[in-house]
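J.: The structure under discussion is supplied below as structure tokens; questions concerning it will follow.
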Amino acid sequence: MKTTPKESMAPRPAVERIGAFAAAVRSEHLTIENRQLFKRNILDSIACAIAAVAGASLQTLREQIEEYRAPGRCTLIGGGKTSPDQAALFNSALVRYVDLLDSYMAQGGLCHPSDNFGTLLATAEYV
């Protein structure tokens with residue numbers, strides 16, 4: 001498919017720009033300090049998820065996932081496998097339920113790193 005000059009000048013959609021950025025990132029691009037923060041944040045997210053498995057709200061969500069479980073190969077923290085979307089939802093809810101990670105890597109504290117952990121975990125396992 002040929003593009004016209006006008007089409008080639010059009011800005012790419014945000015999802016394409018984010019995808020290109022993610023595909024180009026390499027661990028060697030990270031500073032030692034950021035690597036240490038990533039390690040700490042990952043461990044904190046896992047600990048929060050494990051601590052939340054017994055939470056009443058999470059048990060209700062788990063029951064809903066059990067009732068409407070989609071087949072899949074993505075792990076639910078606490079046991080079982082399901083589709084990527086259900087694993088992302090459940091694992092993210094677990095991480096955020098008792099989240100103790102209140103540090104930010106972005107200048108000005110614009111993001112909460114663990115917000116993405118459950119989704120990234122499911123995506124990585126799916127891929």
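Simple scheme: letters A, B, ... for chains in structure tokens order, numbers from 1 for residues in each chain, numbers from 1 for ligands in the order shown.
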Which residues, written as a ChimeraX atom specification, have at least one atom at most 9 Å from A:Leu58, with only C-alpha atoms counted and residues fewer than 4 positions away on the same chain left out?
T.: /A:52-54,62-63,90,93-94,97
J.: If we count only C-alpha atoms, what is near A:Pro84 at a cut-off of 10 Å, once residues fewer than 5 positions away on the same chain are taken out, given as a ChimeraX atom specification?
T.: /A:70-76,89-90,118-127
J.: Which residue is closest to A:Gly79? Choose from A:Ala23, A:Leu37, A:Ile50, A:Ile42 and count only C-alpha atoms.
T.: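 For A:Gly79, the nearest of the candidates is A:Ile50.
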J.: Would you mind reading off the distance between atom CA of A:Gln36 and atom CA of A:Ala49, one decimal, in Å?
T.: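 Distance reported for this atom pair: 20.1 Å.
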J.: Do you have the atom CA of A:Asp99-atom CA of A:Leu43 distance handy?
T.: 11.6 Å
J.: What does the structure give for the distance between atom CA of A:Phe21 and atom CA of A:Ser45, in Å to one decimal?
T.: 24.0 Å
J.: Looking at A:Glu16, A:Gly78, A:Lys39, A:Pro11, which one is nearest to A:Gln59, with distances taken over only C-alpha atoms?
T.: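 For A:Gln59, the nearest of the given residues is A:Gly78.
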J.: Can you list every residue in chain A that DSSP puts in alpha helix (DSSP H), as a PyMOL selection string?
T.: chain A and resi 5-9+14-24+32-52+56-67+84-97+117-126
J.: What parts of chain A does DSSP call strand (DSSP E)? I'd like the answer as a ChimeraX atom specification.
T.: /A:74-75,81-82
